[in-house]
Amino acid sequence: MRTALSMAGIPGLFTLLVLLCVFMQVSPYTVPWKPTWPAYRLPVVLPQSTLNLAKADFDAKAKLEVSSSCGPQCHKGTPLPTYEEAKQYLSYETLYANGSRTETRVGIYILSNGEGRARGRDSEATGRSRRKRQIYGYDGRFSIFGKDFLLNYPFSTSVKLSTGCTGTLVAEKHVLTAAHCIHDGKTYVKGTQKLRVGFLKPKYKDGAGGDNSSSSAMPDKMKFQWIRVKRTHVPKGWIKGNANDIGMDYDYALLELKKPHKRQFMKIGVSPPAKQLPGGRIHFSGYDNDRPGNLVYRFCDVKDETYDLLYQQCDAQPGASGSGVYVRMWKRPQQKWERKIIGIFSGHQWVDMNGSPQDFNVAVRITPLKYAQICYWIKGNYLDCREG
């Protein structure tokens with residue numbers, strides 16, 4: 001059976017080296033040190049009250065990317081939010097499969113000085129109109145072919161949303177994705193009430209799989225099998241802000257499935273500073289629209305960062321939004337290498353760099369506060385969220 005990692009025009013030797021980097025996530029050059037996951041003392045984000053809201057509307061058109069012209073300097077130059085503002089941004093809306101929704105207000109508890117300090121940004125977007133470009137020079141993406149790769153970790157953690165985006169398995173029943181994949185900042189995207197998550201699986205000759213499966217133009221006869229979503233969580237920072245305010249910092253959402261997916265998942269982690277990332281590099285896989293049916297993997301260097309965002313030039317197209325951005329680092333207490341999701345791929349930005357326009361693809365960083373919030377959504381107990 002053919003199993004290959006391919007990219008047009010790449011010699012076989014280089015393809016093999018890339019494959020080794022994917023599964024080993026190490027540089028082809030020997031390094032004398034192990035990039036280690038930092039230890040964090042995390043804040044606590046706890047629900048304080050829950051309000052019932054009117055049933056949701058599902059009128060928004062699905063947006064497979066978010067654009068903003070507020071760049072690193074724009075974000076770095078804005079003041080931190082007050083404690084009350086931070087609580088507002090981290091409060092969240094929950095949508096249930098029957099269309100009902102609630103708003104949960106939270107409290108933030110800082111357990112030590114300076115740890116998990118809340119931050120926010122005002123974008124002050126300049127509204128430039130330019131042709132969006134998400135491929136930088138030579139296309140550095142790799143389509144993943146063959147079930148021996150697609151069904152194995154870490155590629156198997158990437159899933160497809162029925163609204164067109166990508167998500168990542170982060171727990172037995174939970175998927176992390178971008179908020180804009182299900183909510184445009186004002187209302188929910190069409191199809192969100194019946195939101196489904198698609199898992200690539202082998203297509204058997206007898207066609208078994210039921211009505212929740214659909215064929216896909218994939219090598220080795222792969223297909224998507226779909227699981228319905230039970231409920232979704234979206235932070236109010238996204239709903240209140242959208243991309244024109246502080247919203248892009250909060251472009252993340254968590255989906256809870258109706259049943260366990262029974263696959264290996266990737267844990268979330270607090271995003272280390274870019275200089276501590278192995279090789280200064282990030283990785284992610286998604287279902288880019290220009291390669292229908294293909295899972296597409298890429299890696300690239302981080303070019304800049306703010307407290308909430310990573311600026312990079314990984315080649316990507318709409319459809320990859322919501323992909324989990326991950327790195328592999330050494331976990332000292334367990335004495336093992338571990339991959340963790342440290343961000344969510346959001347979209348595209350034009351940035352004014354010293355008077356010269358430059359474009360970036362942007363990922364939302366999982367900060368200590370965001371980690372505490374997302375972990376609580378998953379675990380339901382802050383005592384299980386003390387290690388990031």
# chains A, B, ... in the order shown; residues from 1 in each chain; ligands from 1

call {"tool": "select_by_dssp", "arguments": {"residues": "range 44-94 of chain A", "states": "strand (DSSP E or B)", "output": "list in words"}}
result
Val44, Val45, Leu46, Pro47, Gln48, Ser49, Thr50, Leu51, Asn52, Leu53, Ala60, Ser67, Ser68, Tyr92, Glu93 and Thr94 of chain A

call {"tool": "write_last_selection", "arguments": {"atoms": "all heavy atoms", "output": "short mmCIF file (atom, residue, chain, number, x, y, z; two decimals), in the first residue's frame"}}
result
data_model
loop_
_atom_site.label_atom_id
_atom_site.label_comp_id
_atom_site.auth_asym_id
_atom_site.auth_seq_id
_atom_site.Cartn_x
_atom_site.Cartn_y
_atom_site.Cartn_z
N VAL A 44 -6.40 31.02 38.09
CA VAL A 44 -7.64 30.25 38.10
C VAL A 44 -8.74 31.11 37.51
O VAL A 44 -8.91 32.27 37.88
CB VAL A 44 -8.01 29.82 39.54
CG1 VAL A 44 -9.38 29.15 39.57
CG2 VAL A 44 -6.94 28.88 40.10
N VAL A 45 -9.49 30.54 36.56
CA VAL A 45 -10.66 31.20 35.97
C VAL A 45 -11.87 30.35 36.32
O VAL A 45 -11.99 29.21 35.85
CB VAL A 45 -10.51 31.34 34.45
CG1 VAL A 45 -11.77 31.97 33.85
CG2 VAL A 45 -9.28 32.18 34.11
N LEU A 46 -12.77 30.89 37.15
CA LEU A 46 -13.90 30.13 37.65
C LEU A 46 -15.23 30.81 37.33
O LEU A 46 -15.33 32.04 37.42
CB LEU A 46 -13.80 29.95 39.16
CG LEU A 46 -12.82 28.90 39.70
CD1 LEU A 46 -12.85 28.90 41.21
CD2 LEU A 46 -13.19 27.52 39.16
N PRO A 47 -16.26 30.03 36.97
CA PRO A 47 -17.59 30.61 36.75
C PRO A 47 -18.13 31.23 38.03
O PRO A 47 -17.96 30.66 39.13
CB PRO A 47 -18.43 29.41 36.33
CG PRO A 47 -17.46 28.38 35.86
CD PRO A 47 -16.22 28.58 36.68
N GLN A 48 -18.77 32.38 37.90
CA GLN A 48 -19.39 33.06 39.04
C GLN A 48 -20.92 33.06 38.95
O GLN A 48 -21.60 32.94 39.94
CB GLN A 48 -18.89 34.50 39.13
CG GLN A 48 -17.38 34.61 39.31
CD GLN A 48 -16.92 34.01 40.62
OE1 GLN A 48 -17.28 34.46 41.70
NE2 GLN A 48 -16.11 32.95 40.53
N SER A 49 -21.42 33.21 37.73
CA SER A 49 -22.87 33.20 37.54
C SER A 49 -23.17 32.86 36.09
O SER A 49 -22.34 33.09 35.20
CB SER A 49 -23.49 34.56 37.88
OG SER A 49 -22.99 35.58 37.02
N THR A 50 -24.35 32.28 35.86
CA THR A 50 -24.75 31.90 34.51
C THR A 50 -26.14 32.45 34.22
O THR A 50 -27.06 32.30 35.03
CB THR A 50 -24.76 30.36 34.35
OG1 THR A 50 -23.44 29.86 34.60
CG2 THR A 50 -25.19 29.96 32.95
N LEU A 51 -26.29 33.11 33.07
CA LEU A 51 -27.55 33.72 32.65
C LEU A 51 -28.07 33.00 31.42
O LEU A 51 -27.31 32.66 30.52
CB LEU A 51 -27.35 35.20 32.32
CG LEU A 51 -26.68 36.08 33.37
CD1 LEU A 51 -26.41 37.46 32.79
CD2 LEU A 51 -27.54 36.17 34.62
N ASN A 52 -29.38 32.79 31.38
CA ASN A 52 -30.01 32.24 30.19
C ASN A 52 -30.21 33.35 29.17
O ASN A 52 -30.68 34.44 29.50
CB ASN A 52 -31.34 31.59 30.53
CG ASN A 52 -31.18 30.32 31.33
OD1 ASN A 52 -30.29 29.52 31.06
ND2 ASN A 52 -32.03 30.12 32.33
N LEU A 53 -29.89 33.08 27.92
CA LEU A 53 -30.05 34.04 26.84
C LEU A 53 -31.13 33.56 25.88
O LEU A 53 -31.53 32.40 25.90
CB LEU A 53 -28.73 34.22 26.08
CG LEU A 53 -27.52 34.67 26.90
CD1 LEU A 53 -26.27 34.70 26.00
CD2 LEU A 53 -27.75 36.02 27.53
N ALA A 60 -25.04 34.18 10.13
CA ALA A 60 -23.75 34.64 9.62
C ALA A 60 -23.21 33.69 8.56
O ALA A 60 -23.40 32.47 8.61
CB ALA A 60 -22.74 34.76 10.76
N SER A 67 -9.15 38.78 8.98
CA SER A 67 -8.14 39.73 8.55
C SER A 67 -8.14 40.95 9.45
O SER A 67 -9.18 41.42 9.90
CB SER A 67 -8.40 40.18 7.10
OG SER A 67 -8.28 39.09 6.22
N SER A 68 -6.95 41.44 9.75
CA SER A 68 -6.79 42.65 10.56
C SER A 68 -5.47 43.29 10.19
O SER A 68 -4.51 42.60 9.84
CB SER A 68 -6.81 42.31 12.05
OG SER A 68 -6.48 43.45 12.82
N TYR A 92 -17.90 33.85 28.97
CA TYR A 92 -18.09 33.10 27.73
C TYR A 92 -19.55 32.76 27.50
O TYR A 92 -20.38 32.76 28.41
CB TYR A 92 -17.25 31.83 27.75
CG TYR A 92 -17.49 30.90 28.91
CD1 TYR A 92 -18.41 29.86 28.84
CD2 TYR A 92 -16.77 31.05 30.10
CE1 TYR A 92 -18.62 29.01 29.90
CE2 TYR A 92 -16.97 30.19 31.17
CZ TYR A 92 -17.89 29.16 31.07
OH TYR A 92 -18.10 28.32 32.13
N GLU A 93 -19.82 32.48 26.23
CA GLU A 93 -21.15 32.08 25.80
C GLU A 93 -21.13 30.60 25.42
O GLU A 93 -20.20 30.14 24.75
CB GLU A 93 -21.61 32.92 24.61
CG GLU A 93 -23.07 32.72 24.23
CD GLU A 93 -23.57 33.79 23.27
OE1 GLU A 93 -23.53 34.98 23.67
OE2 GLU A 93 -23.97 33.45 22.15
N THR A 94 -22.14 29.87 25.87
CA THR A 94 -22.27 28.45 25.56
C THR A 94 -23.50 28.24 24.68
O THR A 94 -24.59 28.71 25.01
CB THR A 94 -22.39 27.61 26.84
OG1 THR A 94 -21.24 27.84 27.66
CG2 THR A 94 -22.49 26.13 26.51
#

call {"tool": "residues_around", "arguments": {"residues": "Ala253 in chain A", "least_positions_apart": "5", "cutoff": "10 Å", "atoms": "only C-alpha atoms", "output": "PyMOL selection string"}}
result
chain A and resi 92-94+167+175-183+232-235+238+322+344+374

call {"tool": "closest_residue", "arguments": {"among": "A:Gly380, A:Pro318, A:Pro333, A:Gly77", "to": "Lys63 in chain A", "atoms": "only C-alpha atoms"}}
result
A:Pro318

call {"tool": "closest_residue", "arguments": {"among": "A:Gln317, A:Asn98, A:Ser91, A:Asn381", "to": "Lys230 in chain A", "atoms": "only C-alpha atoms"}}
result
A:Asn98

call {"tool": "closest_residue", "arguments": {"among": "A:Gln225, A:Ser100, A:Asn294, A:Asn289", "to": "Gln193 in chain A", "atoms": "only C-alpha atoms"}}
result
A:Ser100

call {"tool": "residues_around", "arguments": {"residues": "Tyr311 in chain A", "least_positions_apart": "5", "cutoff": "12 Å", "atoms": "only C-alpha atoms", "output": "PyMOL selection string"}}
result
chain A and resi 70-73+75+274+280-282+300-306+325+343-351+358-365

call {"tool": "write_last_selection", "arguments": {"atoms": "N, CA, C and O atoms", "output": "compact mmCIF listing (two decimals), in the first residue's frame"}}
result
# COMPACT_ATOMS: atom_id res chain seq x y z
N CYS A 70 -3.89 45.37 12.33
CA CYS A 70 -3.20 45.74 13.56
C CYS A 70 -2.05 44.77 13.79
O CYS A 70 -2.27 43.59 14.05
N GLY A 71 -0.83 45.26 13.65
CA GLY A 71 0.34 44.41 13.73
C GLY A 71 0.97 44.38 15.11
O GLY A 71 0.38 44.84 16.10
N PRO A 72 2.17 43.84 15.22
CA PRO A 72 2.83 43.70 16.52
C PRO A 72 2.96 45.01 17.28
O PRO A 72 2.68 45.06 18.48
N GLN A 73 3.41 46.08 16.61
CA GLN A 73 3.58 47.34 17.32
C GLN A 73 2.25 47.91 17.79
O GLN A 73 2.15 48.50 18.86
N HIS A 75 -0.32 46.17 18.70
CA HIS A 75 -0.73 45.40 19.87
C HIS A 75 0.14 45.71 21.08
O HIS A 75 -0.35 45.82 22.20
N ALA A 274 8.72 33.00 21.95
CA ALA A 274 9.19 32.47 20.67
C ALA A 274 10.65 32.03 20.73
O ALA A 274 11.04 31.04 20.12
N GLY A 280 12.85 28.14 17.08
CA GLY A 280 11.96 29.27 16.85
C GLY A 280 10.83 28.93 15.90
O GLY A 280 10.27 29.82 15.25
N ARG A 281 10.44 27.66 15.84
CA ARG A 281 9.56 27.15 14.79
C ARG A 281 8.27 26.59 15.36
O ARG A 281 8.24 26.05 16.46
N ILE A 282 7.19 26.71 14.58
CA ILE A 282 5.90 26.12 14.93
C ILE A 282 5.45 25.18 13.82
O ILE A 282 5.96 25.23 12.69
N CYS A 300 7.15 26.51 10.07
CA CYS A 300 7.87 27.73 9.71
C CYS A 300 8.35 28.42 10.99
O CYS A 300 7.97 28.06 12.10
N ASP A 301 9.19 29.44 10.80
CA ASP A 301 9.72 30.22 11.91
C ASP A 301 8.72 31.28 12.35
O ASP A 301 7.98 31.83 11.53
N VAL A 302 8.72 31.57 13.64
CA VAL A 302 7.95 32.69 14.17
C VAL A 302 8.73 33.97 13.90
O VAL A 302 9.91 34.08 14.24
N LYS A 303 8.07 34.96 13.28
CA LYS A 303 8.74 36.21 12.91
C LYS A 303 8.64 37.28 14.00
O LYS A 303 9.53 38.11 14.16
N ASP A 304 7.54 37.27 14.73
CA ASP A 304 7.34 38.26 15.80
C ASP A 304 6.24 37.73 16.71
O ASP A 304 5.56 36.76 16.39
N GLU A 305 6.08 38.38 17.85
CA GLU A 305 5.06 37.95 18.80
C GLU A 305 4.62 39.11 19.66
O GLU A 305 5.35 40.09 19.85
N THR A 306 3.39 39.01 20.15
CA THR A 306 2.91 39.86 21.23
C THR A 306 2.48 38.90 22.36
O THR A 306 2.63 37.69 22.23
N VAL A 325 -1.76 24.96 16.61
CA VAL A 325 -0.34 25.22 16.41
C VAL A 325 0.42 24.53 17.54
O VAL A 325 0.13 24.77 18.72
N GLY A 343 -1.23 27.24 20.45
CA GLY A 343 -1.95 28.33 19.79
C GLY A 343 -2.96 27.79 18.79
O GLY A 343 -3.03 26.58 18.52
N ILE A 344 -3.74 28.71 18.24
CA ILE A 344 -4.77 28.38 17.26
C ILE A 344 -4.57 29.27 16.05
O ILE A 344 -4.53 30.52 16.18
N PHE A 345 -4.41 28.67 14.87
CA PHE A 345 -4.22 29.46 13.66
C PHE A 345 -5.50 30.24 13.37
O PHE A 345 -6.58 29.68 13.27
N SER A 346 -5.35 31.56 13.22
CA SER A 346 -6.51 32.44 13.09
C SER A 346 -6.71 32.98 11.69
O SER A 346 -7.75 32.81 11.08
N GLY A 347 -5.70 33.67 11.15
CA GLY A 347 -5.92 34.29 9.84
C GLY A 347 -4.74 35.12 9.39
O GLY A 347 -3.59 34.84 9.73
N HIS A 348 -5.04 36.19 8.69
CA HIS A 348 -4.06 36.94 7.92
C HIS A 348 -4.07 38.40 8.34
O HIS A 348 -5.11 38.95 8.65
N GLN A 349 -2.89 39.02 8.36
CA GLN A 349 -2.79 40.44 8.70
C GLN A 349 -1.80 41.14 7.79
O GLN A 349 -0.73 40.61 7.49
N TRP A 350 -2.19 42.34 7.36
CA TRP A 350 -1.24 43.28 6.77
C TRP A 350 -0.68 44.13 7.90
O TRP A 350 -1.42 44.65 8.72
N VAL A 351 0.63 44.25 7.94
CA VAL A 351 1.30 44.97 9.03
C VAL A 351 2.19 46.05 8.44
O VAL A 351 2.91 45.81 7.47
N GLN A 358 3.82 44.72 5.18
CA GLN A 358 4.24 43.33 5.19
C GLN A 358 3.08 42.49 5.69
O GLN A 358 2.32 42.93 6.55
N ASP A 359 2.94 41.30 5.13
CA ASP A 359 1.81 40.47 5.55
C ASP A 359 2.29 39.26 6.33
O ASP A 359 3.37 38.72 6.10
N PHE A 360 1.43 38.84 7.29
CA PHE A 360 1.72 37.71 8.15
C PHE A 360 0.48 36.84 8.26
O PHE A 360 -0.65 37.31 8.10
N ASN A 361 0.69 35.57 8.55
CA ASN A 361 -0.36 34.73 9.09
C ASN A 361 -0.22 34.74 10.61
O ASN A 361 0.88 34.82 11.14
N VAL A 362 -1.34 34.68 11.29
CA VAL A 362 -1.37 34.94 12.73
C VAL A 362 -1.99 33.77 13.48
O VAL A 362 -2.98 33.18 13.04
N ALA A 363 -1.41 33.43 14.62
CA ALA A 363 -1.95 32.41 15.52
C ALA A 363 -2.19 33.04 16.88
O ALA A 363 -1.40 33.86 17.35
N VAL A 364 -3.29 32.67 17.50
CA VAL A 364 -3.63 33.12 18.85
C VAL A 364 -2.86 32.27 19.85
O VAL A 364 -2.96 31.03 19.83
N ARG A 365 -2.08 32.89 20.70
CA ARG A 365 -1.31 32.17 21.70
C ARG A 365 -2.21 31.72 22.86
O ARG A 365 -3.13 32.44 23.26

call {"tool": "select_by_dssp", "arguments": {"residues": "range 55-100 of chain A", "states": "alpha helix (DSSP H)", "output": "compact mmCIF listing (two decimals) with all heavy atoms, in the first residue's frame"}}
result
# COMPACT_ATOMS: atom_id res chain seq x y z
N PRO A 72 2.17 43.84 15.22
CA PRO A 72 2.83 43.70 16.52
C PRO A 72 2.96 45.01 17.28
O PRO A 72 2.68 45.06 18.48
CB PRO A 72 4.21 43.12 16.16
CG PRO A 72 3.99 42.43 14.86
CD PRO A 72 2.97 43.22 14.13
N GLN A 73 3.41 46.08 16.61
CA GLN A 73 3.58 47.34 17.32
C GLN A 73 2.25 47.91 17.79
O GLN A 73 2.15 48.50 18.86
CB GLN A 73 4.32 48.35 16.41
CG GLN A 73 5.73 47.91 16.04
CD GLN A 73 6.56 47.52 17.25
OE1 GLN A 73 6.59 48.24 18.25
NE2 GLN A 73 7.24 46.38 17.16
N CYS A 74 1.22 47.73 16.96
CA CYS A 74 -0.13 48.17 17.34
C CYS A 74 -0.57 47.47 18.61
O CYS A 74 -1.09 48.08 19.53
CB CYS A 74 -1.08 47.88 16.18
SG CYS A 74 -2.84 48.01 16.56
N HIS A 75 -0.32 46.17 18.70
CA HIS A 75 -0.73 45.40 19.87
C HIS A 75 0.14 45.71 21.08
O HIS A 75 -0.35 45.82 22.20
CB HIS A 75 -0.69 43.91 19.56
CG HIS A 75 -1.90 43.41 18.84
ND1 HIS A 75 -2.90 42.72 19.46
CD2 HIS A 75 -2.27 43.53 17.55
CE1 HIS A 75 -3.84 42.42 18.59
NE2 HIS A 75 -3.48 42.89 17.41
N LYS A 76 1.45 45.83 20.85
CA LYS A 76 2.35 46.06 21.97
C LYS A 76 2.16 47.45 22.59
O LYS A 76 2.46 47.65 23.77
CB LYS A 76 3.80 45.93 21.51
CG LYS A 76 4.19 44.51 21.11
CD LYS A 76 5.59 44.48 20.51
CE LYS A 76 5.97 43.09 20.03
NZ LYS A 76 7.31 43.06 19.38
N TYR A 83 -8.79 44.71 35.64
CA TYR A 83 -9.26 43.41 36.13
C TYR A 83 -10.70 43.16 35.68
O TYR A 83 -11.03 42.05 35.23
CB TYR A 83 -9.16 43.38 37.65
CG TYR A 83 -9.77 42.16 38.29
CD1 TYR A 83 -9.19 40.90 38.14
CD2 TYR A 83 -10.91 42.26 39.06
CE1 TYR A 83 -9.74 39.78 38.73
CE2 TYR A 83 -11.48 41.15 39.66
CZ TYR A 83 -10.89 39.91 39.50
OH TYR A 83 -11.45 38.81 40.09
N GLU A 84 -11.55 44.17 35.76
CA GLU A 84 -12.95 44.02 35.35
C GLU A 84 -13.06 43.75 33.86
O GLU A 84 -13.89 42.94 33.42
CB GLU A 84 -13.76 45.26 35.74
CG GLU A 84 -13.93 45.45 37.24
CD GLU A 84 -14.66 44.27 37.89
OE1 GLU A 84 -15.59 43.72 37.26
OE2 GLU A 84 -14.29 43.90 39.02
N GLU A 85 -12.23 44.42 33.05
CA GLU A 85 -12.25 44.18 31.61
C GLU A 85 -11.79 42.75 31.30
O GLU A 85 -12.38 42.08 30.44
CB GLU A 85 -11.35 45.19 30.90
CG GLU A 85 -11.94 46.60 30.87
CD GLU A 85 -10.94 47.61 30.33
OE1 GLU A 85 -9.71 47.35 30.39
OE2 GLU A 85 -11.40 48.67 29.84
N ALA A 86 -10.77 42.31 31.99
CA ALA A 86 -10.28 40.94 31.75
C ALA A 86 -11.36 39.92 32.08
O ALA A 86 -11.53 38.91 31.37
CB ALA A 86 -9.03 40.68 32.59
N LYS A 87 -12.10 40.13 33.14
CA LYS A 87 -13.20 39.23 33.48
C LYS A 87 -14.26 39.23 32.39
O LYS A 87 -14.83 38.18 32.07
CB LYS A 87 -13.83 39.61 34.83
CG LYS A 87 -12.95 39.32 36.03
CD LYS A 87 -13.76 39.30 37.32
CE LYS A 87 -14.45 40.62 37.59
NZ LYS A 87 -15.20 40.59 38.86
N GLN A 88 -14.54 40.39 31.81
CA GLN A 88 -15.51 40.47 30.72
C GLN A 88 -15.03 39.68 29.51
O GLN A 88 -15.79 38.93 28.89
CB GLN A 88 -15.76 41.92 30.33
CG GLN A 88 -16.49 42.75 31.37
CD GLN A 88 -16.64 44.19 30.94
OE1 GLN A 88 -16.58 44.52 29.75
NE2 GLN A 88 -16.84 45.08 31.90
N TYR A 89 -13.77 39.84 29.15
CA TYR A 89 -13.24 39.16 27.96
C TYR A 89 -13.24 37.65 28.13
O TYR A 89 -13.46 36.90 27.17
CB TYR A 89 -11.81 39.63 27.67
CG TYR A 89 -11.67 41.11 27.39
CD1 TYR A 89 -10.47 41.77 27.64
CD2 TYR A 89 -12.73 41.85 26.88
CE1 TYR A 89 -10.33 43.12 27.39
CE2 TYR A 89 -12.61 43.21 26.63
CZ TYR A 89 -11.40 43.84 26.89
OH TYR A 89 -11.27 45.18 26.64
N LEU A 90 -12.98 37.16 29.36
CA LEU A 90 -12.89 35.73 29.60
C LEU A 90 -14.22 35.10 29.99
O LEU A 90 -14.31 33.87 30.08
CB LEU A 90 -11.84 35.44 30.67
CG LEU A 90 -10.39 35.68 30.23
CD1 LEU A 90 -9.45 35.60 31.42
CD2 LEU A 90 -9.97 34.68 29.17
